[in-house]
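The next block is query.txt, given as compact mmCIF, C-alpha atoms.
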# COMPACT_ATOMS: atom_id res chain seq x y z
CA MET A 24 -133.37 84.23 -56.19
CA LYS A 25 -131.33 85.23 -53.14
CA SER A 26 -132.92 84.67 -49.76
CA TYR A 27 -132.23 84.81 -46.06
CA GLU A 28 -132.57 81.03 -45.89
CA ASP A 29 -129.91 80.59 -48.60
CA SER A 30 -127.52 82.77 -46.59
CA LEU A 31 -128.24 80.69 -43.50
CA LEU A 32 -127.57 77.51 -45.46
CA LEU A 33 -124.20 78.92 -46.46
CA ASP A 34 -123.45 79.92 -42.87
CA PHE A 35 -124.31 76.48 -41.53
CA TYR A 36 -122.93 74.25 -44.28
CA GLY A 37 -120.52 76.43 -46.27
CA ASN A 38 -117.44 74.71 -44.87
CA LEU A 39 -118.64 71.45 -46.41
CA LEU A 40 -118.25 72.97 -49.89
CA THR A 41 -115.05 73.44 -51.80
CA GLU A 42 -113.33 76.73 -51.04
CA LYS A 43 -114.06 78.08 -54.55
CA MET A 44 -117.74 77.09 -54.34
CA ARG A 45 -118.08 78.65 -50.90
CA LEU A 46 -116.42 81.89 -52.02
CA THR A 47 -118.63 82.12 -55.11
CA LEU A 48 -121.77 81.64 -53.03
CA ASP A 49 -120.51 84.12 -50.46
CA MET A 50 -120.01 86.76 -53.15
CA TYR A 51 -123.44 86.04 -54.57
CA LEU A 52 -125.45 85.75 -51.35
CA ASN A 53 -123.63 87.92 -48.83
CA ASP A 54 -121.74 90.48 -50.90
CA ASP A 55 -124.73 90.82 -53.26
CA LEU A 56 -122.54 90.75 -56.38
CA SER A 57 -124.20 90.06 -59.70
CA LEU A 58 -123.39 86.99 -61.76
CA ALA A 59 -121.51 89.23 -64.18
CA GLU A 60 -119.42 90.78 -61.39
CA ILE A 61 -118.55 87.36 -60.02
CA ALA A 62 -117.72 86.11 -63.51
CA GLU A 63 -115.30 88.97 -63.98
CA GLU A 64 -113.71 88.32 -60.58
CA GLU A 65 -113.33 84.58 -61.20
CA GLU A 66 -112.48 84.99 -64.89
CA ILE A 67 -115.22 82.60 -66.03
CA SER A 68 -118.44 83.11 -67.99
CA ARG A 69 -121.61 84.45 -66.47
CA GLN A 70 -123.25 81.12 -67.33
CA GLY A 71 -120.44 79.33 -65.52
CA VAL A 72 -121.14 81.36 -62.39
CA HIS A 73 -124.87 80.70 -62.73
CA ASP A 74 -124.26 76.96 -62.94
CA LYS A 75 -121.85 77.07 -59.99
CA VAL A 76 -124.35 78.99 -57.83
CA LYS A 77 -127.17 76.63 -58.78
CA ARG A 78 -125.02 73.56 -58.05
CA GLY A 79 -123.79 75.02 -54.75
CA LEU A 80 -127.28 75.86 -53.55
CA ALA A 81 -128.41 72.35 -54.46
CA GLN A 82 -125.58 70.91 -52.36
CA LEU A 83 -126.47 73.13 -49.42
CA ASN A 84 -130.12 72.09 -49.66
CA THR A 85 -129.09 68.43 -49.73
CA TYR A 86 -127.16 68.94 -46.49
CA GLU A 87 -130.17 70.68 -44.96
CA ASP A 88 -132.51 67.88 -46.05
CA LYS A 89 -130.26 65.37 -44.29
CA LEU A 90 -129.30 67.37 -41.18
CA GLY A 91 -132.06 69.97 -40.71
CA LEU A 92 -129.87 72.42 -38.78
CA VAL A 93 -131.29 75.57 -40.37
CA LYS A 94 -134.88 74.43 -39.82
CA ARG A 95 -134.11 73.71 -36.18
CA PHE A 96 -132.35 77.07 -35.77
CA LEU A 97 -135.33 78.96 -37.24
CA GLU A 98 -137.76 77.08 -34.99
CA GLN A 99 -135.65 77.90 -31.93
CA LYS A 100 -135.40 81.54 -32.99
CA GLU A 101 -139.19 81.67 -33.34
CA SER A 102 -139.61 80.23 -29.83
CA VAL A 103 -137.26 82.83 -28.35
CA THR A 104 -139.14 85.62 -30.16
CA GLU A 105 -142.44 84.25 -28.83
CA ALA A 106 -141.04 84.13 -25.28
CA ILE A 107 -139.78 87.71 -25.50
CA ASP A 108 -143.19 88.84 -26.75
CA LEU A 109 -144.87 87.06 -23.83
CA ILE A 110 -142.45 88.67 -21.36
CA ASP A 111 -143.18 92.09 -22.87
CA LYS A 112 -146.88 91.37 -22.25
CA LYS A 113 -146.03 90.31 -18.67
CA LYS A 114 -147.25 86.76 -19.35
CA TYR A 115 -144.34 85.25 -17.46
CA GLU A 116 -145.79 81.79 -16.90
CA ASP A 117 -146.56 81.39 -20.63
CA ALA A 118 -143.04 82.57 -21.45
CA ARG A 119 -141.61 80.08 -18.97
CA LYS A 120 -143.54 77.26 -20.70
CA VAL A 121 -142.21 78.27 -24.13
CA LEU A 122 -138.65 78.46 -22.82
CA SER A 123 -138.96 75.16 -20.93
CA LYS A 124 -140.16 73.44 -24.09
CA LEU A 125 -137.27 74.99 -26.03
CA SER A 126 -134.81 73.83 -23.39
CA GLU A 127 -136.14 70.26 -23.64
CA GLU A 128 -135.83 70.32 -27.45
CA ILE A 129 -132.25 71.54 -27.24
CA GLU A 130 -131.31 68.74 -24.86
CA GLU A 131 -132.60 66.08 -27.29

Exercise: express the given structure as structure tokens:
Amino acid sequence: MKSYEDSLLLDFYGNLLTEKMRLTLDMYLNDDLSLAEIAEEEEISRQGVHDKVKRGLAQLNTYEDKLGLVKRFLEQKESVTEAIDLIDKKKYEDARKVLSKLSEEIEE
């Protein structure tokens, strides 16, 4: 199943894959092509594309398990969203605390 997190994994770690694997995942995740459409484009079977996508996503998840860049990005994005919400509510000191904590985490 395609997801936002899978697209982020590809964005963060796609260059660690082979060019063919990255292109296949890009067509599947970002261009929203079906397995059959990709199979026709790459001149391989639909099952071959399925296996390639599954293998590629497994590789991306392995990189994420080791490096955690997507998790960290999503946590930082959540902090920024929280700070913006606090600013909109004119809770400036609370927003400052959230942003200060985020700044400290980034410096680590």

TODO: Quote the spacing between CA of Val72 (chain A) and CA of Thr47 (chain A) in Å to one decimal place.
DONE: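 Those two atoms sit 7.7 Å apart.
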
Open item on the list: Nearest residue to Glu128 (chain A) out of A:Glu116, A:Asn53, A:Glu66, A:Gln99, using only C-alpha atoms?
Closed with: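 Closest residue, counting only C-alpha atoms: A:Gln99.
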
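Taking CA of Glu65 (chain A) and CA of Leu31 (chain A) as the two end points, the separation is 23.5 Å.
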
Open item on the list: What's around Lys120 (chain A) at 12 Å? Count all atoms listed in the file, leave out sequence neighbours fewer than 4 positions away in its own chain, and write the answer as a ChimeraX atom specification.
Closed with: /A:102-103,105-106,109-110,114-116,124-127

Since we have the selection now, will you write its residues out, keeping C-alpha atoms, as a compact mmCIF listing (two decimals), keeping the file's coordinate frame?
# COMPACT_ATOMS: atom_id res chain seq x y z
CA SER A 102 -139.61 80.23 -29.83
CA VAL A 103 -137.26 82.83 -28.35
CA GLU A 105 -142.44 84.25 -28.83
CA ALA A 106 -141.04 84.13 -25.28
CA LEU A 109 -144.87 87.06 -23.83
CA ILE A 110 -142.45 88.67 -21.36
CA LYS A 114 -147.25 86.76 -19.35
CA TYR A 115 -144.34 85.25 -17.46
CA GLU A 116 -145.79 81.79 -16.90
CA LYS A 124 -140.16 73.44 -24.09
CA LEU A 125 -137.27 74.99 -26.03
CA SER A 126 -134.81 73.83 -23.39
CA GLU A 127 -136.14 70.26 -23.64

Kindly list the centre and edge lengths in Å, rounded to one decimal, for the axis-aligned box that covers all listed atoms of region 41-58 of chain A plus 8 Å on each of its six sides, as JSON.
{"center_x": -119.4, "center_y": 82.1, "center_z": -55.3, "size_x": 28.1, "size_y": 33.4, "size_z": 28.9}

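With CA of Glu98 (chain A) on one side and CA of Val121 (chain A) on the other, the separation reads 11.8 Å.
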
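Surrounding residues of (-127.9, 85.4, -57.0) at most 9 Å away are Met24, Lys25, Ser26, Leu48, Met50, Tyr51, Leu52, Asp55, Leu56, Ser57, Leu58, His73, Val76 and Lys77 of chain A (based on all atoms listed in the file).
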
Open item on the list: Restricting the calculation to all atoms listed in the file: of A:Tyr27, A:Glu63, A:Gly79, A:Ala118, which residue gets closest to Lys43 (chain A)?
Closed with: A:Gly79

Task: Nearest to Lys89 (chain A), chosen from A:Tyr36, A:Ser68, A:Ala62, A:Arg45, with all atoms listed in the file counted in the distances - done: A:Tyr36

- [ ] Would you please work out which residue, of A:Leu40, A:Lys113, A:Ile107, A:Asp49, is nearest to Arg78 (chain A) when using all atoms listed in the file?
- [x]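 Of the candidates, the smallest distance to Arg78 (chain A) is held by A:Leu40.
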
TODO: Would you mind telling me which residue in A:Leu83, A:Ala59, A:Leu122, A:Val93 lies nearest to Thr41 (chain A) when using all atoms listed in the file?
DONE: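 Checking each of A:Leu83, A:Ala59, A:Leu122, A:Val93 against Thr41 (chain A), counting all atoms listed in the file, the winner is A:Leu83.
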
Would you mind putting back N, CA and C atoms on region 56-78 of chain A, then writing it out as a PDB file, in the coordinates of the input?
ATOM      1  N   LEU A  56    -123.105  90.499 -55.056  1.00  0.00           N
ATOM      2  CA  LEU A  56    -122.540  90.750 -56.380  1.00  0.00           C
ATOM      3  C   LEU A  56    -123.401  90.073 -57.434  1.00  0.00           C
ATOM      4  N   SER A  57    -123.455  90.662 -58.606  1.00  0.00           N
ATOM      5  CA  SER A  57    -124.200  90.060 -59.700  1.00  0.00           C
ATOM      6  C   SER A  57    -123.404  88.908 -60.293  1.00  0.00           C
ATOM      7  N   LEU A  58    -124.078  88.092 -61.088  1.00  0.00           N
ATOM      8  CA  LEU A  58    -123.390  86.990 -61.760  1.00  0.00           C
ATOM      9  C   LEU A  58    -122.268  87.522 -62.641  1.00  0.00           C
ATOM     10  N   ALA A  59    -122.516  88.634 -63.305  1.00  0.00           N
ATOM     11  CA  ALA A  59    -121.510  89.230 -64.180  1.00  0.00           C
ATOM     12  C   ALA A  59    -120.293  89.705 -63.390  1.00  0.00           C
ATOM     13  N   GLU A  60    -120.530  90.316 -62.230  1.00  0.00           N
ATOM     14  CA  GLU A  60    -119.420  90.780 -61.390  1.00  0.00           C
ATOM     15  C   GLU A  60    -118.578  89.614 -60.884  1.00  0.00           C
ATOM     16  N   ILE A  61    -119.262  88.546 -60.495  1.00  0.00           N
ATOM     17  CA  ILE A  61    -118.550  87.360 -60.020  1.00  0.00           C
ATOM     18  C   ILE A  61    -117.771  86.731 -61.165  1.00  0.00           C
ATOM     19  N   ALA A  62    -118.387  86.684 -62.339  1.00  0.00           N
ATOM     20  CA  ALA A  62    -117.720  86.110 -63.510  1.00  0.00           C
ATOM     21  C   ALA A  62    -116.437  86.856 -63.823  1.00  0.00           C
ATOM     22  N   GLU A  63    -116.491  88.167 -63.735  1.00  0.00           N
ATOM     23  CA  GLU A  63    -115.300  88.970 -63.980  1.00  0.00           C
ATOM     24  C   GLU A  63    -114.221  88.687 -62.932  1.00  0.00           C
ATOM     25  N   GLU A  64    -114.632  88.597 -61.687  1.00  0.00           N
ATOM     26  CA  GLU A  64    -113.710  88.320 -60.580  1.00  0.00           C
ATOM     27  C   GLU A  64    -113.048  86.945 -60.728  1.00  0.00           C
ATOM     28  N   GLU A  65    -113.843  85.943 -61.107  1.00  0.00           N
ATOM     29  CA  GLU A  65    -113.330  84.580 -61.200  1.00  0.00           C
ATOM     30  C   GLU A  65    -112.790  84.236 -62.592  1.00  0.00           C
ATOM     31  N   GLU A  66    -112.943  85.178 -63.510  1.00  0.00           N
ATOM     32  CA  GLU A  66    -112.480  84.990 -64.890  1.00  0.00           C
ATOM     33  C   GLU A  66    -113.110  83.758 -65.536  1.00  0.00           C
ATOM     34  N   ILE A  67    -114.437  83.635 -65.343  1.00  0.00           N
ATOM     35  CA  ILE A  67    -115.220  82.600 -66.030  1.00  0.00           C
ATOM     36  C   ILE A  67    -116.458  83.275 -66.609  1.00  0.00           C
ATOM     37  N   SER A  68    -117.246  82.521 -67.376  1.00  0.00           N
ATOM     38  CA  SER A  68    -118.440  83.110 -67.990  1.00  0.00           C
ATOM     39  C   SER A  68    -119.540  83.323 -66.957  1.00  0.00           C
ATOM     40  N   ARG A  69    -120.460  84.205 -67.315  1.00  0.00           N
ATOM     41  CA  ARG A  69    -121.610  84.450 -66.470  1.00  0.00           C
ATOM     42  C   ARG A  69    -122.406  83.158 -66.299  1.00  0.00           C
ATOM     43  N   GLN A  70    -122.535  82.404 -67.380  1.00  0.00           N
ATOM     44  CA  GLN A  70    -123.250  81.120 -67.330  1.00  0.00           C
ATOM     45  C   GLN A  70    -122.533  80.144 -66.400  1.00  0.00           C
ATOM     46  N   GLY A  71    -121.213  80.179 -66.420  1.00  0.00           N
ATOM     47  CA  GLY A  71    -120.440  79.330 -65.520  1.00  0.00           C
ATOM     48  C   GLY A  71    -120.714  79.653 -64.065  1.00  0.00           C
ATOM     49  N   VAL A  72    -120.818  80.937 -63.762  1.00  0.00           N
ATOM     50  CA  VAL A  72    -121.140  81.360 -62.390  1.00  0.00           C
ATOM     51  C   VAL A  72    -122.553  80.916 -62.036  1.00  0.00           C
ATOM     52  N   HIS A  73    -123.480  81.110 -62.960  1.00  0.00           N
ATOM     53  CA  HIS A  73    -124.870  80.700 -62.730  1.00  0.00           C
ATOM     54  C   HIS A  73    -124.938  79.213 -62.387  1.00  0.00           C
ATOM     55  N   ASP A  74    -124.260  78.396 -63.172  1.00  0.00           N
ATOM     56  CA  ASP A  74    -124.260  76.960 -62.940  1.00  0.00           C
ATOM     57  C   ASP A  74    -123.632  76.612 -61.585  1.00  0.00           C
ATOM     58  N   LYS A  75    -122.552  77.305 -61.256  1.00  0.00           N
ATOM     59  CA  LYS A  75    -121.850  77.070 -59.990  1.00  0.00           C
ATOM     60  C   LYS A  75    -122.748  77.430 -58.807  1.00  0.00           C
ATOM     61  N   VAL A  76    -123.439  78.559 -58.901  1.00  0.00           N
ATOM     62  CA  VAL A  76    -124.350  78.990 -57.830  1.00  0.00           C
ATOM     63  C   VAL A  76    -125.483  77.978 -57.686  1.00  0.00           C
ATOM     64  N   LYS A  77    -126.052  77.582 -58.804  1.00  0.00           N
ATOM     65  CA  LYS A  77    -127.170  76.630 -58.780  1.00  0.00           C
ATOM     66  C   LYS A  77    -126.718  75.296 -58.163  1.00  0.00           C
ATOM     67  N   ARG A  78    -125.569  74.822 -58.563  1.00  0.00           N
ATOM     68  CA  ARG A  78    -125.020  73.560 -58.050  1.00  0.00           C
ATOM     69  C   ARG A  78    -124.705  73.682 -56.550  1.00  0.00           C
TER      70      ARG A  78
END
